[in-house]
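K.L.:
Take a look at the following structure, please.
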Amino acid sequence: NKTIKDSEYELAEIISIAKKVNKKVVVYLSMCFGNPYGDPWNLDIVNHWVYKLSKMGVNDISLSDTIGSSNPESIKSIFNSVLKNHTNIEFGAHLHSDPISWYDKIDSAFHAGCRRFDGAIKGFGGCPMASNRLVGNMPTEKILSYLNTKKISNNVNSLRFESCYNQSLEIFNKFHSETEMMRYIKKLERKDLSLNHSMIPLGSCTMKLNAASEMLPLSNPNWSSVHPFVPVEQAQ
């Protein structure tokens, strides 16, 4: 719930913090492939914001197809333009797709020069504002299939991804509502040990967790002083 100007100020703060801890900021530009809501949109606007972000110190920008309105022609046109005009920026593609158009969209972006793609296993998620309910995130397995078919190297461990993919099938076939999914996530959360579930004795940290009233009896001389029958040689 911020204006564009408010977002600029907040981004500047994020960039400043990231630089101090040697972290990289990736900025996502929404509605990069068209705006069906009547707001102004064209290639010049996209390039203007890329230039503005570049001047703020951003070197990584993902162009987002927020509502799945992109097509191979618009993807090619936009990536050709920004890659030509902003050679110092690494661009990524955050595309939405239906089960049919995924290949053409990836292929168009790749041949235009894009080398970073966002994905989600099985394409789960996406934008609720998309006009087609079949439109979701770009499936990670489809991106990998494209790269493998083209014999393009990537840094994804195939065996580990296959394990994640199979586990996702098990989870999403088991839970069919948001409530069930949230309960499952909460169950996973409770497996993590934390101070609100138990207490970890760590020397003086344990003492800090005791209430002051519990410590008062220890100040009584009958507790804190030397026992009256202790041998003198041990009390010195």
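FYI, nothing fancy with the structure tokens labels: chains A, B, ... in order, residues from 1 per chain, ligands from 1 as they appear.
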Using only C-alpha atoms, determine which residues lie at most 12 Å from range 76-90 of chain A, disregarding the query and same-chain residues fewer than 2 positions distant; provide the list as a PyMOL selection string.
P.N.:
chain A and resi 24-28+31-34+42-55+57-65+70-74+92-93+104-117
K.L.:
For each of A:Thr149, A:Asp6, A:Ser225, A:Ile185, take the minimum atom-to-atom distance to Ile171 in chain A, counting only C-alpha atoms, then give the residue where this is smallest.
P.N.:
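Among the listed residues, the smallest separation from Ile171 in chain A belongs to A:Ile185.
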K.L.:
What does the distance from CA of Gly119 in chain A to CA of Asn137 in chain A come to in Å, to one decimal?
P.N.:
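Here the two named atoms are 6.3 Å from each other.
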K.L.:
In Å, with one decimal, what is the gap from CA of Pro221 in chain A to CA of Glu233 in chain A?
P.N.:
20.7 Å
K.L.:
Using DSSP secondary structure from the backbone, list all helix (DSSP H, G or I) positions within range 61-187 of chain A, as JSON, numbers by chain.
P.N.:
{"A": [72, 73, 74, 75, 76, 77, 78, 79, 80, 81, 82, 83, 84, 85, 102, 103, 104, 105, 106, 107, 108, 109, 110, 111, 112, 121, 122, 123, 140, 141, 142, 143, 144, 145, 146, 147, 148, 149, 158, 159, 160, 161, 162, 163, 164, 165, 166, 167, 168, 169, 170, 171, 172, 173, 174, 178, 179, 180, 181, 182, 183, 184, 185, 186, 187]}
K.L.:
What does the distance from CA of Asn166 in chain A to CA of Lys142 in chain A come to in Å, to one decimal?
P.N.:
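Pair CA of Asn166 in chain A / CA of Lys142 in chain A returns 14.8 Å.
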K.L.:
Identify all residues of chain A in strand (DSSP E) (DSSP on the backbone) and supply them as a list in words.
P.N.:
Val26, Val27, Tyr28, Leu29, Asp60, Ile61, Ser62, Leu63, Ser64, Glu90, Phe91, Gly92, Ala93, His94, His96, Ser97, Gly136 and Asn137 of chain A
K.L.:
Using only C-alpha atoms, which of A:Ser168, A:Asn148, A:Ser7, A:Ser101 sits nearest Phe124 in chain A?
P.N.:
A:Ser168
